[in-house]
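The file protein-v8.tsv comes next; it holds TSV, C-alpha atoms and all ligand atoms.
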chain	number	residue	atom	x	y	z
A	9	MET	CA	0.00	0.00	0.00
A	10	ILE	CA	1.09	3.58	-0.67
A	11	GLU	CA	0.37	6.07	2.09
A	12	ILE	CA	0.68	9.74	1.24
A	13	ARG	CA	0.49	11.62	4.52
A	14	GLU	CA	0.02	15.38	4.69
A	15	VAL	CA	2.42	15.91	1.77
A	16	SER	CA	3.29	19.45	0.69
A	17	LYS	CA	5.75	20.59	-1.97
A	18	ARG	CA	6.60	24.15	-2.94
A	19	PHE	CA	8.58	25.55	-5.89
A	20	GLN	CA	9.78	29.11	-5.23
A	21	ASP	CA	6.57	31.11	-4.93
A	22	ARG	CA	4.28	28.27	-6.05
A	23	GLN	CA	2.65	25.81	-3.67
A	24	ALA	CA	2.43	22.84	-6.05
A	25	VAL	CA	1.03	20.34	-3.53
A	26	ALA	CA	-0.67	21.44	-0.32
A	27	GLY	CA	-1.23	18.93	2.47
A	28	VAL	CA	-2.40	15.92	0.46
A	29	THR	CA	-3.31	12.73	2.32
A	30	LEU	CA	-4.20	9.65	0.32
A	31	ASN	CA	-4.01	5.85	0.66
A	32	ILE	CA	-3.66	3.72	-2.45
A	33	HIS	CA	-4.32	0.04	-1.83
A	34	LYS	CA	-2.50	-2.90	-3.34
A	35	GLY	CA	-4.13	-4.09	-6.55
A	36	SER	CA	-5.95	-0.83	-7.04
A	37	ILE	CA	-5.96	1.36	-10.17
A	38	PHE	CA	-6.08	4.94	-8.96
A	39	GLY	CA	-6.88	7.77	-11.38
A	40	LEU	CA	-5.64	11.27	-10.59
A	41	LEU	CA	-7.43	14.09	-12.38
A	42	GLY	CA	-7.01	17.82	-12.38
A	43	SER	CA	-6.65	20.89	-14.54
A	44	ASN	CA	-3.28	22.17	-15.83
A	45	GLY	CA	-0.97	23.10	-12.98
A	46	ALA	CA	-3.16	21.37	-10.39
A	47	GLY	CA	-0.14	19.55	-8.94
A	48	LYS	CA	-0.62	16.04	-10.35
A	49	THR	CA	2.92	15.56	-11.68
A	50	THR	CA	4.44	16.98	-8.51
A	51	LEU	CA	2.34	14.66	-6.34
A	52	LEU	CA	3.16	11.63	-8.51
A	53	LYS	CA	6.89	12.42	-8.50
A	54	THR	CA	6.77	12.83	-4.73
A	55	ALA	CA	4.86	9.55	-4.40
A	56	ALA	CA	7.54	7.88	-6.56
A	57	GLY	CA	10.34	9.21	-4.34
A	58	ILE	CA	11.75	11.52	-7.03
A	59	TYR	CA	10.93	14.68	-5.07
A	60	ARG	CA	11.45	15.00	-1.35
A	61	PRO	CA	8.29	16.45	0.21
A	62	ASP	CA	8.76	19.73	2.12
A	63	THR	CA	6.48	18.36	4.80
A	64	GLY	CA	4.74	15.02	5.24
A	65	THR	CA	5.81	11.55	4.15
A	66	VAL	CA	5.17	8.94	1.51
A	67	LEU	CA	5.34	5.31	2.63
A	68	MET	CA	5.17	2.11	0.65
A	69	ASP	CA	4.31	-0.93	2.77
A	70	GLY	CA	5.25	1.17	5.81
A	71	ALA	CA	8.73	2.23	4.58
A	72	PRO	CA	9.62	5.75	3.37
A	73	VAL	CA	9.88	5.97	-0.41
A	74	TYR	CA	12.37	8.85	-0.65
A	75	GLU	CA	16.01	7.73	-0.96
A	76	ASN	CA	15.07	4.10	-0.34
A	77	PRO	CA	16.69	1.82	-2.96
A	78	ASP	CA	14.76	-1.27	-1.79
A	79	ILE	CA	11.48	0.49	-2.46
A	80	LYS	CA	12.68	2.04	-5.73
A	81	ARG	CA	13.36	-1.44	-7.11
A	82	ARG	CA	9.67	-2.24	-6.69
A	83	LEU	CA	8.25	1.03	-7.95
A	84	TRP	CA	8.30	2.43	-11.47
A	85	PHE	CA	7.59	6.01	-12.50
A	86	MET	CA	6.61	6.58	-16.12
A	87	PRO	CA	6.88	10.29	-17.05
A	88	ASP	CA	4.68	11.94	-19.66
A	89	TYR	CA	7.70	12.10	-22.00
A	90	PRO	CA	9.48	8.77	-21.53
A	91	TYR	CA	13.25	9.05	-21.26
A	92	PHE	CA	15.59	6.64	-23.01
A	93	PHE	CA	19.32	6.75	-23.55
A	94	PRO	CA	20.26	8.77	-26.65
A	95	GLN	CA	20.58	6.53	-29.72
A	96	ALA	CA	19.24	3.48	-27.80
A	97	THR	CA	16.97	0.84	-29.31
A	98	ILE	CA	14.29	-1.08	-27.37
A	99	HIS	CA	16.62	-4.06	-27.42
A	100	GLN	CA	19.44	-2.04	-25.82
A	101	MET	CA	17.12	-0.51	-23.20
A	102	ALA	CA	15.84	-4.01	-22.40
A	103	ARG	CA	19.41	-5.23	-21.84
A	104	PHE	CA	20.11	-2.24	-19.60
A	105	TYR	CA	17.00	-2.81	-17.46
A	106	GLU	CA	17.78	-6.50	-17.28
A	107	SER	CA	21.17	-5.62	-15.78
A	108	VAL	CA	19.83	-3.20	-13.15
A	109	TYR	CA	16.32	-4.44	-12.24
A	110	GLU	CA	16.07	-7.62	-10.19
A	111	GLY	CA	12.47	-8.03	-11.26
A	112	TRP	CA	13.24	-8.06	-15.02
A	113	ASN	CA	11.31	-10.88	-16.67
A	114	GLY	CA	12.51	-11.94	-20.11
A	115	ASN	CA	9.44	-14.09	-20.73
A	116	ARG	CA	7.13	-11.19	-20.01
A	117	PHE	CA	9.22	-9.01	-22.34
A	118	ARG	CA	8.76	-11.56	-25.14
A	119	GLU	CA	5.03	-11.99	-24.42
A	120	LEU	CA	4.43	-8.24	-24.52
A	121	GLY	CA	6.50	-8.06	-27.71
A	122	GLU	CA	3.70	-10.01	-29.41
A	123	LEU	CA	1.29	-7.20	-28.52
A	124	PHE	CA	3.28	-4.06	-29.28
A	125	PRO	CA	4.02	-3.74	-33.02
A	126	LEU	CA	7.46	-2.19	-32.55
A	127	ASP	CA	10.83	-3.03	-34.03
A	128	VAL	CA	13.23	-3.73	-31.13
A	129	LYS	CA	16.21	-2.78	-33.28
A	130	ARG	CA	14.92	0.64	-34.30
A	131	LYS	CA	16.30	3.68	-32.48
A	132	LEU	CA	13.77	5.04	-29.99
A	133	ASN	CA	14.57	8.64	-30.86
A	134	ARG	CA	13.34	7.96	-34.42
A	135	MET	CA	9.99	6.70	-33.18
A	136	SER	CA	6.83	8.76	-32.78
A	137	LYS	CA	5.61	9.94	-29.36
A	138	GLY	CA	2.96	7.22	-29.25
A	139	MET	CA	5.46	4.53	-30.26
A	140	ARG	CA	7.86	5.66	-27.53
A	141	GLN	CA	4.99	5.50	-25.06
A	142	GLN	CA	4.25	1.94	-26.14
A	143	ALA	CA	7.92	1.11	-25.68
A	144	ALA	CA	7.88	2.70	-22.21
A	145	PHE	CA	4.94	0.47	-21.19
A	146	TRP	CA	6.56	-2.59	-22.65
A	147	LEU	CA	9.85	-2.01	-20.81
A	148	ALA	CA	8.21	-0.93	-17.55
A	149	LEU	CA	5.93	-3.96	-17.36
A	150	SER	CA	8.81	-6.29	-18.22
A	151	CYS	CA	10.50	-5.09	-15.00
A	152	MET	CA	7.46	-6.42	-13.09
A	153	PRO	CA	7.14	-3.50	-10.64
A	154	ASP	CA	4.75	-3.83	-7.69
A	155	VAL	CA	3.69	-0.22	-8.19
A	156	LEU	CA	3.48	1.59	-11.52
A	157	ILE	CA	3.02	5.36	-11.39
A	158	MET	CA	2.17	6.90	-14.78
A	159	ASP	CA	1.95	10.56	-15.72
A	160	GLU	CA	-0.54	11.01	-18.59
A	161	PRO	CA	0.53	7.75	-20.24
A	162	LEU	CA	-2.38	7.39	-22.63
A	163	ASP	CA	-2.19	10.81	-24.26
A	164	GLY	CA	-0.04	9.85	-27.25
A	165	LEU	CA	-1.67	6.49	-27.91
A	166	ASP	CA	-4.22	5.77	-30.62
A	167	PRO	CA	-7.57	4.23	-29.57
A	168	VAL	CA	-6.48	0.67	-30.35
A	169	MET	CA	-3.31	1.04	-28.31
A	170	ARG	CA	-5.21	2.70	-25.45
A	171	ARG	CA	-7.50	-0.31	-25.29
A	172	LEU	CA	-4.54	-2.68	-25.44
A	173	VAL	CA	-2.67	-0.87	-22.66
A	174	LYS	CA	-5.79	-0.79	-20.49
A	175	ASN	CA	-6.26	-4.54	-20.99
A	176	VAL	CA	-2.64	-5.25	-20.12
A	177	LEU	CA	-2.98	-3.16	-16.96
A	178	PHE	CA	-6.16	-5.05	-15.96
A	179	GLN	CA	-4.32	-8.31	-16.51
A	180	GLU	CA	-1.34	-7.21	-14.37
A	181	VAL	CA	-3.67	-6.11	-11.58
A	182	ALA	CA	-5.74	-9.31	-11.68
A	183	GLU	CA	-2.89	-11.77	-12.03
A	184	ARG	CA	-0.18	-10.37	-9.80
A	185	GLY	CA	-1.74	-7.55	-7.80
A	186	LEU	CA	-0.03	-4.62	-9.55
A	187	THR	CA	-0.92	-1.26	-8.03
A	188	ALA	CA	-1.32	1.41	-10.71
A	189	VAL	CA	-1.55	5.18	-10.35
A	190	ILE	CA	-2.41	7.09	-13.48
A	191	SER	CA	-2.89	10.80	-14.09
A	192	SER	CA	-5.04	12.22	-16.84
A	193	HIS	CA	-7.01	15.29	-17.81
A	194	ASN	CA	-9.93	13.25	-18.91
A	195	LEU	CA	-12.51	11.77	-16.58
A	196	ARG	CA	-14.12	9.70	-19.32
A	197	GLU	CA	-10.78	8.13	-20.13
A	198	LEU	CA	-10.34	6.95	-16.56
A	199	GLU	CA	-13.92	5.87	-15.95
A	200	ASP	CA	-13.56	2.34	-17.31
A	201	LEU	CA	-10.01	1.86	-16.05
A	202	CYS	CA	-9.85	2.97	-12.43
A	203	ASP	CA	-11.46	1.72	-9.25
A	204	HIS	CA	-10.61	4.89	-7.30
A	205	VAL	CA	-10.43	8.46	-8.56
A	206	GLY	CA	-9.06	11.66	-7.03
A	207	ILE	CA	-9.37	15.22	-8.29
A	208	MET	CA	-6.70	17.84	-7.60
A	209	HIS	CA	-7.11	21.58	-7.78
A	210	ASN	CA	-4.59	24.23	-6.71
A	211	GLY	CA	-2.39	21.64	-5.05
A	212	GLU	CA	-5.17	20.14	-2.96
A	213	LEU	CA	-6.97	16.84	-3.31
A	214	LEU	CA	-10.59	17.90	-3.44
A	215	ILE	CA	-12.27	14.54	-3.82
A	216	GLU	CA	-11.00	10.98	-3.45
A	217	LYS	CA	-13.54	8.20	-3.84
A	218	GLU	CA	-14.14	4.63	-4.82
A	219	LEU	CA	-16.03	4.60	-8.13
A	220	ASP	CA	-18.56	1.91	-7.21
A	221	GLU	CA	-19.34	3.70	-3.99
A	222	LEU	CA	-19.85	6.94	-5.88
A	223	LYS	CA	-22.09	5.30	-8.44
A	224	SER	CA	-24.28	3.47	-5.95
A	225	ASP	CA	-24.55	6.50	-3.73
A	226	THR	CA	-25.85	9.17	-6.12
A	227	HIS	CA	-29.09	9.12	-8.13
A	228	LYS	CA	-30.93	11.25	-10.61
A	229	VAL	CA	-34.62	11.52	-9.76
A	230	GLN	CA	-37.27	12.72	-12.20
A	231	VAL	CA	-40.51	13.47	-10.43
A	232	ALA	CA	-43.83	15.20	-11.10
A	233	PHE	CA	-45.40	16.10	-7.75
A	234	ARG	CA	-49.13	16.45	-7.11
A	235	ASP	CA	-48.53	19.59	-5.11
A	236	GLU	CA	-45.84	22.27	-5.74
A	237	ARG	CA	-45.16	22.51	-2.01
A	238	HIS	CA	-43.70	19.01	-2.11
A	239	GLU	CA	-40.84	20.32	-4.33
A	240	SER	CA	-39.24	22.17	-1.43
A	241	ALA	CA	-40.49	19.84	1.31
A	242	ILE	CA	-38.41	16.94	-0.08
A	243	THR	CA	-35.18	18.95	0.24
A	244	SER	CA	-35.29	18.81	4.03
A	245	ARG	CA	-35.54	15.01	3.98
A	246	LEU	CA	-32.64	14.18	1.63
A	247	THR	CA	-29.16	15.39	0.63
A	248	ILE	CA	-29.83	17.16	-2.68
A	249	LEU	CA	-26.71	18.04	-4.71
A	250	HIS	CA	-28.59	19.72	-7.54
A	251	GLN	CA	-32.16	20.60	-8.43
A	252	GLU	CA	-33.91	22.00	-11.49
A	253	LYS	CA	-37.38	22.14	-13.00
A	254	ARG	CA	-38.44	21.46	-16.62
A	255	GLY	CA	-42.15	22.19	-17.04
A	256	SER	CA	-43.97	20.20	-14.44
A	257	VAL	CA	-41.13	17.69	-14.03
A	258	CYS	CA	-38.52	18.27	-11.34
A	259	LEU	CA	-35.02	16.85	-11.58
A	260	TYR	CA	-33.07	16.15	-8.38
A	261	ILE	CA	-29.54	14.82	-7.94
A	262	VAL	CA	-29.69	13.04	-4.63
A	263	LYS	CA	-26.93	11.57	-2.50
A	264	GLY	CA	-27.86	8.52	-0.48
A	265	GLU	CA	-29.09	4.98	-0.63
A	266	GLN	CA	-31.41	4.13	-3.52
A	267	ALA	CA	-34.25	2.53	-1.52
A	268	ARG	CA	-34.34	5.37	0.98
A	269	THR	CA	-34.34	7.95	-1.82
A	270	ARG	CA	-37.22	6.24	-3.62
A	271	GLN	CA	-39.18	5.88	-0.39
A	272	ALA	CA	-38.79	9.56	0.48
A	273	PHE	CA	-40.18	10.68	-2.91
A	274	ALA	CA	-42.87	7.98	-3.01
A	275	ALA	CA	-44.26	9.24	0.29
A	276	TYR	CA	-45.69	12.25	-1.60
A	277	GLN	CA	-47.44	9.93	-4.08
A	278	PRO	CA	-46.18	11.84	-7.14
A	279	TYR	CA	-47.71	11.37	-10.62
A	280	VAL	CA	-44.32	10.35	-12.03
A	281	LEU	CA	-41.26	8.99	-10.21
A	282	ASP	CA	-38.14	7.68	-11.98
A	283	LEU	CA	-34.72	6.96	-10.50
A	284	LEU	CA	-32.00	7.03	-13.16
A	285	PRO	CA	-28.30	6.16	-12.95
A	286	LEU	CA	-25.73	8.94	-13.41
A	287	THR	CA	-22.53	8.81	-15.42
A	288	LEU	CA	-19.36	9.31	-13.45
A	289	GLU	CA	-18.95	12.61	-15.21
A	290	GLU	CA	-22.30	13.83	-13.92
A	291	ILE	CA	-21.51	12.66	-10.40
A	292	PHE	CA	-18.27	14.61	-10.35
A	293	ILE	CA	-19.84	17.70	-11.82
A	294	TYR	CA	-22.45	17.74	-9.08
A	295	GLU	CA	-20.03	16.80	-6.29
A	296	MET	CA	-17.61	19.52	-7.37
A	297	GLU	CA	-20.40	22.02	-7.88
A	298	GLY	CA	-21.41	21.27	-4.32
A	299	ALA	CA	-17.84	22.02	-3.24
A	300	GLY	CA	-17.87	25.27	-5.23
A	301	TYR	CA	-15.57	24.24	-8.12
A	302	ASP	CA	-15.88	24.22	-11.89
A	303	ILE	CA	-14.44	20.98	-13.32
A	304	SER	CA	-15.35	21.60	-16.96
A	305	PRO	CA	-11.61	21.74	-17.94
A	306	ILE	CA	-11.18	18.04	-17.13
A	307	LEU	CA	-14.27	16.88	-18.96
A	308	LEU	CA	-12.97	17.71	-22.44
B	401	LIG	N1	10.33	22.18	-11.28
B	401	LIG	C1	9.47	23.16	-11.05
B	401	LIG	N2	9.89	24.41	-10.76
B	401	LIG	C2	9.02	25.41	-10.48
B	401	LIG	N3	7.68	25.26	-10.49
B	401	LIG	C3	7.20	24.04	-10.78
B	401	LIG	C4	8.06	22.94	-11.09
B	401	LIG	N4	7.28	21.86	-11.33
B	401	LIG	C5	6.00	22.27	-11.21
B	401	LIG	N5	5.97	23.58	-10.88
B	401	LIG	C6	4.74	24.35	-10.63
B	401	LIG	O1	3.94	23.63	-9.73
B	401	LIG	C7	2.57	23.69	-10.11
B	401	LIG	C8	2.04	22.27	-10.30
B	401	LIG	O2	2.66	21.73	-11.45
B	401	LIG	P1	2.44	20.22	-11.89
B	401	LIG	O3	3.34	19.95	-13.05
B	401	LIG	O4	2.56	19.33	-10.70
B	401	LIG	O5	0.90	20.25	-12.34
B	401	LIG	P2	0.05	19.23	-13.23
B	401	LIG	O6	-1.25	19.04	-12.53
B	401	LIG	O7	0.84	17.99	-13.49
B	401	LIG	O8	-0.15	20.05	-14.54
B	401	LIG	P3	-0.39	19.61	-16.08
B	401	LIG	O9	-1.75	18.98	-16.12
B	401	LIG	O10	-0.34	20.90	-16.80
B	401	LIG	O11	0.72	18.66	-16.46
B	401	LIG	C9	2.52	24.53	-11.37
B	401	LIG	O12	2.17	25.85	-10.99
B	401	LIG	C10	3.93	24.51	-11.90
B	401	LIG	O13	4.26	25.71	-12.56
Represent the structure contained in this file as structure tokens.
Ligand SMILES: Nc1ncnc2c1ncn2[C@@H]1O[C@H](COP(=O)(O)OP(=O)(O)OP(=O)(O)O)[C@@H](O)[C@H]1O
Amino acid sequence: MIEIREVSKRFQDRQAVAGVTLNIHKGSIFGLLGSNGAGKTTLLKTAAGIYRPDTGTVLMDGAPVYENPDIKRRLWFMPDYPYFFPQATIHQMARFYESVYEGWNGNRFRELGELFPLDVKRKLNRMSKGMRQQAAFWLALSCMPDVLIMDEPLDGLDPVMRRLVKNVLFQEVAERGLTAVISSHNLRELEDLCDHVGIMHNGELLIEKELDELKSDTHKVQVAFRDERHESAITSRLTILHQEKRGSVCLYIVKGEQARTRQAFAAYQPYVLDLLPLTLEEIFIYEMEGAGYDISPILL
């Protein structure tokens, strides 16, 4: 497990990360969202032990990550622009990692080679951004890290490769309990990949939730009441995140258990009562609206 405890990091006059606390469990895929400059990269680099936090600590299985070679052998950070040695080919990078990473697995490297359509003898600096990103995944996963921290790894990949990489990550999580942390600007991109999601803004972690919990806990209710007074009466009985009216039909976004929500509305014997599921995007919009933030930049 990764424990990020009260971590802050400042660059000159800029507070990049401000008191973030977060636990990421083994075998979890955690998605970190946020607008430009929110502090995602800084938090991920601190979590990976690349930056020393100004205050707070990052622990992996109870041991500090910063300047801890034993932990670094089990943790891999994939930057948004993967770095390779100048002039190196995939084959040469593979030989290098094999010599320095205990976890290097030649069989896994060959297996993944069947999936990524790349020439191992071609120089990486002649490849496109998306091809280099594929190579970075291939090499990283061949080192069999326990934790893989990725900064916007899907951005340069085409849709087929995105799907492939997502499937490989699912497989790694299911078969050997990989823990993955992935940052992105796009909520929709992360929706089908992650089990937990956090949103950063101005260095702070505004929301951190399990997706299933979020989805089962928030409902859209369409209702036509018999009496207009019921429209405001219901608000004192439930946690309403959002409310609007279209003609005679009222729309409520309600937080809470489904049966209890239905029961509360049904008590007024409305003409129409429908409970509808929300997309993750809608849930975040309403949650963030409730917290006073505009998250449209990460909805793309
Ligand atoms: N090395 C650095 N020196 C000075 N300021 C930095 C440095 N790295 C980041 N910052 C500042 O810290 C803040 C957070 O940056 P960070 O790169 O962590 O954000 P981000 O959420 O990853 O952004 P983006 O989505 O644009 O990649 C920004 O204001 C940035 O200018």
(message) Taking all atoms listed in the file into account, list the residues no farther than 7 Å from ligand LIG 401 (chain B), as a list in words.
(response) Phe19, Gln20, Arg22, Gln23, Ala24, Gly42, Ser43, Asn44, Gly45, Ala46, Gly47, Lys48, Thr49, Thr50, Leu51, His193 and Gly211 of chain A
(request) Have a look at atom CA of A:Phe117 and atom CA of A:Val176 and let me know their distance in Å, one decimal. (result) 12.6 Å
(request) Skip stretch 284-295 of chain A itself and residues of its chain fewer than 5 positions away, then list as a PyMOL selection string all residues within 12 Å of it, counting only C-alpha atoms. (result) chain A and resi 41-42+194-200+202-207+214-231+247-251+259-263+266+269-270+300-308
(request) May I ask for the distance between atom CA of A:Thr243 and atom CA of A:Ala274, given in Å to one decimal place? (result)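 Taking atom CA of A:Thr243 as the start and atom CA of A:Ala274 as the end point, the length is 13.8 Å.
Going from atom CA of A:Leu83 over to atom CA of A:Ala56, you cover 7.0 Å.
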(message) With all atoms listed in the file as the counted atoms, please give the residues lying no more than 8 Å from A:Leu165, apart from itself and same-chain residues fewer than 2 positions off, as a PyMOL selection string.
(response) chain A and resi 138-139+141-142+162-163+167-170
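Nearest to A:Trp112 of all the residues A:Val173, A:Ala144, A:Ile98, A:Cys151 is A:Cys151, based on all atoms listed in the file.
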(message) Nearest residue to A:Asn113 out of A:Thr54, A:Pro87, A:Leu201, A:Leu147, using all atoms listed in the file?
(response)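 For A:Asn113, the nearest of the given residues is A:Leu147.
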(message) Report as a ChimeraX atom specification all protein, DNA and RNA residues lying within 12 Å of stretch 101-109 of chain A, evaluated on only C-alpha atoms, omitting residues in the same chain fewer than 6 positions from it.
(response) /A:77-84,91-95,115-118,121,128-132,140,143-153
(request) May I ask which of the residues A:Val25, A:Leu283, A:Leu156, A:Ala241 is the closest one to A:Val189, counting all atoms listed in the file? (result) A:Leu156
(request) Find the residues with any atom within 10 Å of (-1.1, 7.0, 1.7); use only C-alpha atoms and the coordinates as given in the file, and write the answer as JSON, numbers by chain. (result) {"A": [9, 10, 11, 12, 13, 14, 15, 28, 29, 30, 31, 32, 33, 55, 65, 66, 67, 68, 69, 70]}
Box along x, y and z, 8 Å on every side, all listed atoms of stretch 182-195 of chain A inside: centre and edge lengths in Å to one decimal, as lines of an AutoDock Vina configuration file.
center_x = -6.3
center_y = 1.8
center_z = -13.4
size_x = 28.5
size_y = 43.1
size_z = 27.1
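Nearest residue to A:His209 among A:Thr97, A:Ala26, A:Asn76, A:Ala232 is A:Ala26, counting all atoms listed in the file.
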